[in-house]
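Notes follow the structure.
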There are 2 protein chains.
Amino acid sequence: MARSRLTPEREAELYEAVLDLLREVGYDALTMDAVATRTRSSKATLYRQWGSKAELVARALRHNKPVSLAEIDSGSLRGDFHAMLELTDDCQMEKDSALMRGLAHAVHNNPELLQALRELLIEPEMTGLDEVLRRAVDRGEISADNPALRLVPHMLIGAFIARPLIEDQPVDHAFLSGYLDAVVLPALGV
Amino acid sequence: MARSRLTPEREAELYEAVLDLLREVGYDALTMDAVATRTRSSKATLYRQWGSKAELVARALRHNKPVSLAEIDSGSLRGDFHAMLELTDDCQMEKDSALMRGLAHAVHNNPELLQALRELLIEPEMTGLDEVLRRAVDRGEISADNPALRLVPHMLIGAFIARPLIEDQPVDHAFLSGYLDAVVLPALGV
């Protein structure tokens, strides 16, 4: 893969710069020129390595989530969910929440971005989450036909988007931890 | 109030035009000039009647929701929730969902819009929802100390935002109805 020509350190540096720009100006105003300037690289290099702005952004977001959810295996669903929370500190969580709000809007006008996010970010995360939920079904914690099983991502996205909107409060561990216990686990019958 | 100088028909026409523009171009690109042109009114009139773009947009959104949730009283929480769904047809629901995605992004950069939405839209809706939930508590359907009581808006917003993002499907009655039964009511212990 062309991508392998970069050192992992350089790749991480590029992804960080992309996420910084994304938070500063949003997806629509983010240009490959700005990424090239910020990272002292050439636009040709960026396009050769990533093909498109959509793919670069999706890979940067994926890089931001280095641990696969499927690797978490504490022995209980509640333990797995709370272990997921521990992967991110409050400051990072607020940053993620701002990114998510921006992207929820941008995908509406950018089908290519939605496609890249689905393939590179949403599907791997969903697969990891499915794995965590499947183990809970296998352990007998959740009934295999519980209709809330396929709605966990919706519940979690709601917590992230609605908290700043409704309560003017950032998403943090205390809130998400309470939300898991009050909403997600009861809906799953745990 | 200055607002009363417009006929209700004219006011409704103006609000419809604002919502159309909002869906077409988004909040940031929506100008009072465009509203004036589209509605054949003067910018001076718009500012005199509504004071600011943020207030005009918030009032247009509120106008879009003419029935107060508190007026719904079917005798059971499940009945009330499903009656809420019946207020909106699938086509309107998809339009609302697109608006909501756009606004969730716009409020991030427009504190004045967030303030206007809170006062004119979010708080009245939350008050109506609280009333529906309070009656369910009074009937003994929900325990008064259930922590999910204050998280219902988050669950509902999640359904609206996540469905198009994750499943590439519009929000419709069938989905929301299933979500209420699989997530919201079980979290409330109903």
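By order of appearance in the structure tokens: chains A, B, ..., then residues from 1 within every chain, and ligands from 1 in the order shown.
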**OP:** Please give the complete set of residues from segment 21-113 of chain A that DSSP, run on the backbone, assigns to helix (DSSP H, G or I), formatted as a PyMOL selection string.
**Re:** chain A and resi 21-25+32-38+43-50+53-63+69-71+77-86+90-109+111-113
**OP:** With a cut-off of 7 Å and counting only C-alpha atoms, select all residues of chain B in contact with chain A and give the selection as a ChimeraX atom specification.
**Re:** /B:101-102,104-105,147-148,154-155,157-159,162,182-183,186-187
Take the residues just selected and output them with N, CA and C atoms as a PDB file, in the first residue's frame.
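Full text of selection.pdb as output:
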```pdb
ATOM      1  N   ARG B 101     -30.650  17.829  12.007  1.00  0.00           N
ATOM      2  CA  ARG B 101     -29.223  17.589  11.778  1.00  0.00           C
ATOM      3  C   ARG B 101     -28.501  18.896  11.472  1.00  0.00           C
ATOM      4  N   GLY B 102     -29.110  19.721  10.613  1.00  0.00           N
ATOM      5  CA  GLY B 102     -28.495  20.990  10.255  1.00  0.00           C
ATOM      6  C   GLY B 102     -28.353  21.903  11.460  1.00  0.00           C
ATOM      7  N   ALA B 104     -28.299  21.068  14.706  1.00  0.00           N
ATOM      8  CA  ALA B 104     -27.380  20.547  15.726  1.00  0.00           C
ATOM      9  C   ALA B 104     -25.969  21.042  15.444  1.00  0.00           C
ATOM     10  N   HIS B 105     -25.657  21.210  14.167  1.00  0.00           N
ATOM     11  CA  HIS B 105     -24.354  21.751  13.797  1.00  0.00           C
ATOM     12  C   HIS B 105     -24.306  23.263  13.976  1.00  0.00           C
ATOM     13  N   PRO B 147     -34.097   7.158  36.880  1.00  0.00           N
ATOM     14  CA  PRO B 147     -33.150   8.135  36.318  1.00  0.00           C
ATOM     15  C   PRO B 147     -33.330   8.370  34.807  1.00  0.00           C
ATOM     16  N   ALA B 148     -34.061   7.469  34.127  1.00  0.00           N
ATOM     17  CA  ALA B 148     -34.275   7.653  32.684  1.00  0.00           C
ATOM     18  C   ALA B 148     -35.305   8.746  32.392  1.00  0.00           C
ATOM     19  N   HIS B 154     -32.936  12.820  25.118  1.00  0.00           N
ATOM     20  CA  HIS B 154     -31.686  12.306  24.541  1.00  0.00           C
ATOM     21  C   HIS B 154     -31.955  11.048  23.719  1.00  0.00           C
ATOM     22  N   MET B 155     -32.790  10.154  24.268  1.00  0.00           N
ATOM     23  CA  MET B 155     -33.099   8.914  23.540  1.00  0.00           C
ATOM     24  C   MET B 155     -33.777   9.247  22.201  1.00  0.00           C
ATOM     25  N   ILE B 157     -33.761  12.140  20.455  1.00  0.00           N
ATOM     26  CA  ILE B 157     -32.863  12.828  19.524  1.00  0.00           C
ATOM     27  C   ILE B 157     -31.918  11.817  18.873  1.00  0.00           C
ATOM     28  N   GLY B 158     -31.463  10.840  19.655  1.00  0.00           N
ATOM     29  CA  GLY B 158     -30.599   9.797  19.100  1.00  0.00           C
ATOM     30  C   GLY B 158     -31.266   9.049  17.959  1.00  0.00           C
ATOM     31  N   ALA B 159     -32.540   8.719  18.138  1.00  0.00           N
ATOM     32  CA  ALA B 159     -33.269   8.003  17.092  1.00  0.00           C
ATOM     33  C   ALA B 159     -33.312   8.837  15.809  1.00  0.00           C
ATOM     34  N   ALA B 162     -29.439   9.294  14.409  1.00  0.00           N
ATOM     35  CA  ALA B 162     -28.615   8.119  14.098  1.00  0.00           C
ATOM     36  C   ALA B 162     -29.182   7.285  12.953  1.00  0.00           C
ATOM     37  N   ALA B 182     -38.887  -0.518  22.040  1.00  0.00           N
ATOM     38  CA  ALA B 182     -37.690  -1.304  22.361  1.00  0.00           C
ATOM     39  C   ALA B 182     -36.748  -0.576  23.305  1.00  0.00           C
ATOM     40  N   VAL B 183     -36.762   0.753  23.285  1.00  0.00           N
ATOM     41  CA  VAL B 183     -35.784   1.524  24.058  1.00  0.00           C
ATOM     42  C   VAL B 183     -36.434   2.420  25.114  1.00  0.00           C
ATOM     43  N   PRO B 186     -38.955   0.528  27.787  1.00  0.00           N
ATOM     44  CA  PRO B 186     -38.219  -0.325  28.717  1.00  0.00           C
ATOM     45  C   PRO B 186     -37.283   0.448  29.651  1.00  0.00           C
ATOM     46  N   ALA B 187     -36.618   1.500  29.132  1.00  0.00           N
ATOM     47  CA  ALA B 187     -35.730   2.289  30.008  1.00  0.00           C
ATOM     48  C   ALA B 187     -36.531   2.933  31.129  1.00  0.00           C
TER      49      ALA B 187
END
```
**OP:** Fewer than 5 positions away in the same chain doesn't count, so skip those; otherwise give me all residues within 9 Å of Leu133 of chain B, counting only C-alpha atoms, as a list of chain:residue names.
**Re:**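 Listed by chain and then number, they are B:Leu77, B:Gly128, B:Asp138, B:Ile142, B:Leu149.
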**OP:** Excluding segment 41-57 of chain B and any residue of its chain fewer than 6 positions from it, enumerate the residues within 9 Å of it, using only C-alpha atoms, and give them as a ChimeraX atom specification.
**Re:** /B:1-6,15,18-19,22,27,30-33,35,110,112-117,120
Original post:
Between A:Glu13, A:Asp28, A:Asp89, A:Asp20, which one has atoms that come closest to Arg40 of chain A, using only C-alpha atoms?
Top reply: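 Counting only C-alpha atoms, the residue closest to Arg40 of chain A is A:Glu13.
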Subject >> Close residues, Ala12 of chain A itself excluded, 9 Å, only C-alpha atoms, min 3 positions apart in chain, as a PyMOL selection string >> reply: chain A and resi 7-9+15-17+60+63-64
